[in-house]
Amino acid sequence: MLTPPITFAHRGGRAHGPENALETFATALEMGATGLETDVWLSSDGHPMLDHDGVVWHRGVRRAFGSLLRERIGPDVPTLAEMYNTCGSDFELSVDLKDPAAADAVIEAARDAKAEQRLWICHEDWDLLTDLRSRTSARVVDSTRVRRMKEGPERRAAAMADAGIDAVNLPAKDWTGGLAALFHRFKRFCLGWDVQHTRLAAGLRDMGLDGLYGDHVGRLLVGISHRSGPSQSQSGGGICGTSPA
């Protein structure tokens, strides 16, 4: 278990500025966030672009980033390299890989910034994640929901351990202390998204989650600094150190 949990500023902490903007990323880190979260698409000339939707109006037509050169996407959408140049690399970075074609470019940018081991790559496709596992030291993350675990959480956790998938990322409302203990028993990290209130952040910390995603950096930080009760995750063991076995 990571203590305290990583505080990921969702889309850079969009409560504090334009989402996925360089100045917003920088503000989140200045406020004390220990992680940033963003979405990545690939431009036609191979740049990993940080944007949620991956489309832009170009000459009156809605165009996907994959059909446009980086310069035609526009300066308001940063590349991953520009984010590292602005913010440095002393933080955890969670990337929602909206365009699987961007995977290699994301890994390369993180390597160039000497930040590969602090990169978390999130996706729902296990074939993609297991392929990435063989090619990067970044953490690969199963981004899903409990209702999609048709085999049940315990078998999912065991399969993740066998495949080398480092973490599971679930909506905050899906988590319980028992579920976190289960995944920790298999030495998998537990991440929760849509954590928008201080009280929820405190409760998820007490369940033993390793990372929380929210728009409001201050609420996350206040929440993880106040324990609301005994940790519910201890009975199931925890992850020691900074990487699962």
# chains A, B, ... in the order shown; residues from 1 in each chain; ligands from 1
>>> residues_around(residues="Ala21 of chain A", least_positions_apart="4", cutoff="9 Å", atoms="only C-alpha atoms", output="list in words")
Arg11, Gly12, Arg14, Gly17, Phe25, Ala26, Leu50, Asp51, Asp76, Val77, Pro78 and Met83 of chain A
>>> write_last_selection(atoms="N, CA and C atoms", output="PDB file, in the first residue's frame")
ATOM      1  N   ARG A  11      -7.126  15.543 -15.262  1.00  0.00           N
ATOM      2  CA  ARG A  11      -6.979  16.470 -16.395  1.00  0.00           C
ATOM      3  C   ARG A  11      -6.171  17.702 -15.978  1.00  0.00           C
ATOM      4  N   GLY A  12      -5.225  17.469 -15.075  1.00  0.00           N
ATOM      5  CA  GLY A  12      -4.391  18.549 -14.576  1.00  0.00           C
ATOM      6  C   GLY A  12      -4.964  19.295 -13.397  1.00  0.00           C
ATOM      7  N   ARG A  14      -8.727  20.253 -13.199  1.00  0.00           N
ATOM      8  CA  ARG A  14      -9.514  21.195 -14.002  1.00  0.00           C
ATOM      9  C   ARG A  14     -10.386  22.138 -13.179  1.00  0.00           C
ATOM     10  N   GLY A  17      -8.209  25.524 -13.512  1.00  0.00           N
ATOM     11  CA  GLY A  17      -7.816  26.138 -14.772  1.00  0.00           C
ATOM     12  C   GLY A  17      -8.288  25.295 -15.940  1.00  0.00           C
ATOM     13  N   PHE A  25      -1.524  22.154 -15.226  1.00  0.00           N
ATOM     14  CA  PHE A  25      -0.633  21.116 -14.690  1.00  0.00           C
ATOM     15  C   PHE A  25       0.330  21.724 -13.670  1.00  0.00           C
ATOM     16  N   ALA A  26       0.944  22.844 -14.038  1.00  0.00           N
ATOM     17  CA  ALA A  26       1.928  23.476 -13.149  1.00  0.00           C
ATOM     18  C   ALA A  26       1.284  23.937 -11.852  1.00  0.00           C
ATOM     19  N   LEU A  50      -2.117  16.040 -25.503  1.00  0.00           N
ATOM     20  CA  LEU A  50      -2.852  15.935 -24.243  1.00  0.00           C
ATOM     21  C   LEU A  50      -4.193  16.646 -24.365  1.00  0.00           C
ATOM     22  N   ASP A  51      -5.252  15.848 -24.502  1.00  0.00           N
ATOM     23  CA  ASP A  51      -6.595  16.395 -24.695  1.00  0.00           C
ATOM     24  C   ASP A  51      -7.599  15.289 -24.392  1.00  0.00           C
ATOM     25  N   ASP A  76      -2.767  25.502 -28.233  1.00  0.00           N
ATOM     26  CA  ASP A  76      -3.479  25.364 -26.959  1.00  0.00           C
ATOM     27  C   ASP A  76      -3.495  23.921 -26.453  1.00  0.00           C
ATOM     28  N   VAL A  77      -3.193  22.971 -27.328  1.00  0.00           N
ATOM     29  CA  VAL A  77      -3.139  21.566 -26.931  1.00  0.00           C
ATOM     30  C   VAL A  77      -1.678  21.168 -26.817  1.00  0.00           C
ATOM     31  N   PRO A  78      -1.186  20.894 -25.609  1.00  0.00           N
ATOM     32  CA  PRO A  78       0.241  20.589 -25.445  1.00  0.00           C
ATOM     33  C   PRO A  78       0.578  19.154 -25.819  1.00  0.00           C
ATOM     34  N   MET A  83       4.697  19.123 -21.728  1.00  0.00           N
ATOM     35  CA  MET A  83       4.290  19.030 -20.329  1.00  0.00           C
ATOM     36  C   MET A  83       5.485  18.727 -19.435  1.00  0.00           C
TER      37      MET A  83
END
>>> select_by_dssp(residues="segment 9-217 of chain A", states="helix (DSSP H, G or I)", output="PyMOL selection string")
chain A and resi 10-12+14-16+22-31+65-67+70-73+80-87+100-112+116-118+126-133+146-148+153-163+172-174+177-185+198-207+217
>>> residues_around(residues="Ala180 of chain A", least_positions_apart="2", cutoff="8 Å", atoms="only C-alpha atoms", output="MDAnalysis selection string")
chainID A and resid 175:178 182:184 190 207:209 233
>>> atom_distance(atom1="atom CA of Leu2 of chain A", atom2="atom CA of Arg147 of chain A")
25.6 Å
>>> residues_around(residues="Val95 of chain A", least_positions_apart="4", cutoff="12 Å", atoms="only C-alpha atoms", output="ChimeraX atom specification")
/A:8-12,20,35-41,48-52,80,99-100,102-103,106-107,110,116,118-123,138-143,169,213
>>> residues_around(residues="segment 192-194 of chain A", least_positions_apart="4", cutoff="7 Å", atoms="only C-alpha atoms", output="ChimeraX atom specification")
/A:169-172,211-214
>>> closest_residue(among="A:Ala113, A:Met160, A:Ile73, A:Val146", to="Asp90 of chain A", atoms="only C-alpha atoms")
A:Ala113
>>> residues_around(residues="Arg63 of chain A", least_positions_apart="2", cutoff="12 Å", atoms="only C-alpha atoms", output="list in words")
Ser43, Ser44, Asp53, Gly54, Val55, Val56, Trp57, His58, Arg59, Gly60, Val61, Phe65, Gly66, Ser67, Leu68, Leu69, Arg72 and Ile73 of chain A
>>> write_last_selection(atoms="all heavy atoms", output="CSV table (one decimal), in the first residue's frame")
chain,number,residue,atom,x,y,z
A,43,SER,N,-1.0,12.7,-32.9
A,43,SER,CA,-1.1,13.5,-34.1
A,43,SER,C,-0.6,12.6,-35.3
A,43,SER,O,0.1,11.6,-35.1
A,43,SER,CB,-0.3,14.8,-34.0
A,43,SER,OG,1.1,14.5,-34.0
A,44,SER,N,-0.9,13.1,-36.5
A,44,SER,CA,-0.5,12.4,-37.7
A,44,SER,C,1.0,12.3,-37.8
A,44,SER,O,1.5,11.4,-38.5
A,44,SER,CB,-1.2,13.0,-38.9
A,44,SER,OG,-0.7,14.3,-39.2
A,53,ASP,N,-10.9,14.9,-25.7
A,53,ASP,CA,-11.7,14.4,-26.8
A,53,ASP,C,-10.9,14.0,-28.0
A,53,ASP,O,-11.4,13.2,-28.8
A,53,ASP,CB,-12.8,15.4,-27.1
A,53,ASP,CG,-13.7,15.6,-26.0
A,53,ASP,OD1,-14.1,14.7,-25.3
A,53,ASP,OD2,-14.1,16.8,-25.7
A,54,GLY,N,-9.8,14.6,-28.3
A,54,GLY,CA,-9.0,14.3,-29.4
A,54,GLY,C,-9.5,14.7,-30.7
A,54,GLY,O,-9.2,14.1,-31.8
A,55,VAL,N,-10.3,15.8,-30.7
A,55,VAL,CA,-10.8,16.4,-32.0
A,55,VAL,C,-10.7,17.9,-31.9
A,55,VAL,O,-10.6,18.5,-30.8
A,55,VAL,CB,-12.3,16.0,-32.2
A,55,VAL,CG1,-12.4,14.5,-32.4
A,55,VAL,CG2,-13.2,16.5,-31.0
A,56,VAL,N,-10.6,18.5,-33.1
A,56,VAL,CA,-10.5,19.9,-33.2
A,56,VAL,C,-11.2,20.4,-34.4
A,56,VAL,O,-11.3,19.6,-35.4
A,56,VAL,CB,-9.0,20.4,-33.2
A,56,VAL,CG1,-8.3,19.9,-34.5
A,56,VAL,CG2,-8.9,21.9,-33.1
A,57,TRP,N,-11.8,21.6,-34.4
A,57,TRP,CA,-12.4,22.1,-35.5
A,57,TRP,C,-11.4,22.7,-36.4
A,57,TRP,O,-10.6,23.6,-36.0
A,57,TRP,CB,-13.4,23.2,-35.2
A,57,TRP,CG,-14.7,22.7,-34.6
A,57,TRP,CD1,-15.0,22.5,-33.3
A,57,TRP,CD2,-15.8,22.2,-35.3
A,57,TRP,NE1,-16.2,21.9,-33.1
A,57,TRP,CE2,-16.8,21.7,-34.3
A,57,TRP,CE3,-16.1,22.0,-36.7
A,57,TRP,CZ2,-18.0,21.2,-34.7
A,57,TRP,CZ3,-17.3,21.5,-37.0
A,57,TRP,CH2,-18.3,21.0,-36.0
A,58,HIS,N,-11.3,22.2,-37.7
A,58,HIS,CA,-10.3,22.7,-38.6
A,58,HIS,C,-10.9,23.0,-39.9
A,58,HIS,O,-11.5,22.2,-40.6
A,58,HIS,CB,-9.2,21.6,-38.8
A,58,HIS,CG,-8.1,22.0,-39.7
A,58,HIS,ND1,-7.2,23.0,-39.4
A,58,HIS,CD2,-7.7,21.6,-40.9
A,58,HIS,CE1,-6.3,23.1,-40.3
A,58,HIS,NE2,-6.6,22.3,-41.3
A,59,ARG,N,-10.9,24.3,-40.3
A,59,ARG,CA,-11.5,24.8,-41.5
A,59,ARG,C,-13.0,24.4,-41.6
A,59,ARG,O,-13.5,23.9,-42.6
A,59,ARG,CB,-10.8,24.2,-42.8
A,59,ARG,CG,-9.4,24.8,-42.9
A,59,ARG,CD,-8.7,24.2,-44.1
A,59,ARG,NE,-7.3,24.7,-44.2
A,59,ARG,CZ,-6.4,24.4,-45.1
A,59,ARG,NH1,-6.7,23.4,-46.0
A,59,ARG,NH2,-5.2,24.9,-45.1
A,60,GLY,N,-13.7,24.5,-40.4
A,60,GLY,CA,-15.1,24.3,-40.4
A,60,GLY,C,-15.5,22.8,-40.3
A,60,GLY,O,-16.7,22.5,-40.3
A,61,VAL,N,-14.5,21.9,-40.1
A,61,VAL,CA,-14.8,20.5,-40.1
A,61,VAL,C,-14.2,20.0,-38.8
A,61,VAL,O,-13.1,20.3,-38.4
A,61,VAL,CB,-14.2,19.8,-41.3
A,61,VAL,CG1,-14.4,18.3,-41.2
A,61,VAL,CG2,-14.7,20.3,-42.6
A,65,PHE,N,-7.5,14.2,-34.1
A,65,PHE,CA,-6.0,14.5,-34.0
A,65,PHE,C,-5.2,13.6,-35.0
A,65,PHE,O,-4.2,14.0,-35.5
A,65,PHE,CB,-5.5,14.3,-32.6
A,65,PHE,CG,-5.9,15.4,-31.7
A,65,PHE,CD1,-6.8,16.4,-32.1
A,65,PHE,CD2,-5.4,15.5,-30.4
A,65,PHE,CE1,-7.2,17.5,-31.2
A,65,PHE,CE2,-5.8,16.5,-29.5
A,65,PHE,CZ,-6.6,17.5,-29.9
A,66,GLY,N,-5.6,12.4,-35.1
A,66,GLY,CA,-4.8,11.4,-35.9
A,66,GLY,C,-4.8,11.8,-37.4
A,66,GLY,O,-3.9,11.3,-38.1
A,67,SER,N,-5.6,12.7,-37.8
A,67,SER,CA,-5.6,13.1,-39.2
A,67,SER,C,-4.9,14.5,-39.4
A,67,SER,O,-4.9,15.0,-40.5
A,67,SER,CB,-7.1,13.2,-39.7
A,67,SER,OG,-7.7,14.3,-39.1
A,68,LEU,N,-4.3,15.0,-38.3
A,68,LEU,CA,-3.8,16.4,-38.4
A,68,LEU,C,-2.3,16.4,-37.9
A,68,LEU,O,-2.0,15.7,-37.0
A,68,LEU,CB,-4.6,17.3,-37.6
A,68,LEU,CG,-6.0,17.6,-38.0
A,68,LEU,CD1,-6.7,18.4,-36.9
A,68,LEU,CD2,-6.0,18.4,-39.3
A,69,LEU,N,-1.5,17.2,-38.5
A,69,LEU,CA,-0.2,17.5,-38.0
A,69,LEU,C,-0.3,18.2,-36.7
A,69,LEU,O,-1.2,18.9,-36.4
A,69,LEU,CB,0.6,18.3,-39.0
A,69,LEU,CG,0.9,17.7,-40.4
A,69,LEU,CD1,1.5,18.8,-41.3
A,69,LEU,CD2,1.8,16.5,-40.2
A,72,ARG,N,-1.2,21.9,-36.8
A,72,ARG,CA,-2.5,22.2,-37.2
A,72,ARG,C,-3.5,21.9,-36.1
A,72,ARG,O,-4.6,22.4,-36.1
A,72,ARG,CB,-2.9,21.4,-38.5
A,72,ARG,CG,-2.1,21.9,-39.7
A,72,ARG,CD,-2.8,21.5,-41.0
A,72,ARG,NE,-2.1,22.1,-42.1
A,72,ARG,CZ,-2.5,22.0,-43.3
A,72,ARG,NH1,-3.6,21.3,-43.6
A,72,ARG,NH2,-1.8,22.5,-44.3
A,73,ILE,N,-3.1,21.2,-35.1
A,73,ILE,CA,-4.0,21.0,-33.9
A,73,ILE,C,-4.0,22.3,-33.1
A,73,ILE,O,-5.0,22.6,-32.5
A,73,ILE,CB,-3.5,19.8,-33.1
A,73,ILE,CG1,-3.7,18.5,-33.9
A,73,ILE,CG2,-4.2,19.7,-31.7
A,73,ILE,CD1,-3.0,17.3,-33.3
>>> select_by_dssp(residues="segment 57-222 of chain A", states="strand (DSSP E or B)", output="PyMOL selection string")
chain A and resi 57-58+61-64+79+92-97+119-123+139-143+167-171+189-193+211-214
>>> write_last_selection(atoms="C-alpha atoms", output="short mmCIF file (atom, residue, chain, number, x, y, z; two decimals), in the first residue's frame")
data_model
loop_
_atom_site.label_atom_id
_atom_site.label_comp_id
_atom_site.auth_asym_id
_atom_site.auth_seq_id
_atom_site.Cartn_x
_atom_site.Cartn_y
_atom_site.Cartn_z
CA TRP A 57 -12.44 22.15 -35.55
CA HIS A 58 -10.27 22.70 -38.61
CA VAL A 61 -14.79 20.51 -40.07
CA ARG A 62 -14.47 18.44 -36.89
CA ARG A 63 -11.20 16.55 -37.34
CA ALA A 64 -9.58 13.83 -35.26
CA THR A 79 2.35 17.58 -26.27
CA GLU A 92 3.59 10.45 -10.91
CA LEU A 93 1.88 10.71 -14.29
CA SER A 94 -1.27 8.74 -15.11
CA VAL A 95 -2.08 8.59 -18.81
CA ASP A 96 -5.48 7.55 -20.13
CA LEU A 97 -4.41 6.07 -23.45
CA LEU A 119 4.36 6.62 -15.57
CA TRP A 120 1.01 4.81 -15.16
CA ILE A 121 -0.64 3.77 -18.46
CA CYS A 122 -4.39 3.15 -18.16
CA HIS A 123 -6.52 1.19 -20.59
CA ARG A 139 3.09 0.62 -14.60
CA VAL A 140 0.19 -0.71 -16.64
CA VAL A 141 -3.31 -0.24 -15.26
CA ASP A 142 -6.58 -2.09 -15.86
CA SER A 143 -9.15 0.70 -16.11
CA ALA A 167 -2.96 -1.82 -10.85
CA VAL A 168 -6.71 -1.67 -11.11
CA ASN A 169 -8.48 1.67 -11.55
CA LEU A 170 -12.14 1.78 -10.52
CA PRO A 171 -14.71 4.51 -9.91
CA PHE A 189 -2.15 -1.28 -6.65
CA CYS A 190 -5.66 0.13 -6.11
CA LEU A 191 -6.65 3.41 -7.78
CA GLY A 192 -9.95 5.31 -7.54
CA TRP A 193 -11.29 8.01 -9.84
CA GLY A 211 -4.02 6.64 -5.70
CA LEU A 212 -6.96 9.05 -5.95
CA TYR A 213 -8.05 11.10 -8.96
CA GLY A 214 -9.97 14.34 -8.55
#
>>> atom_distance(atom1="atom CA of Thr144 of chain A", atom2="atom CA of Ser225 of chain A")
27.2 Å
>>> atom_distance(atom1="atom CA of Asp125 of chain A", atom2="atom CA of Lys98 of chain A")
11.1 Å
>>> closest_residue(among="A:His47, A:Pro75, A:Asp166, A:Phe91", to="Thr7 of chain A", atoms="only C-alpha atoms")
A:Phe91
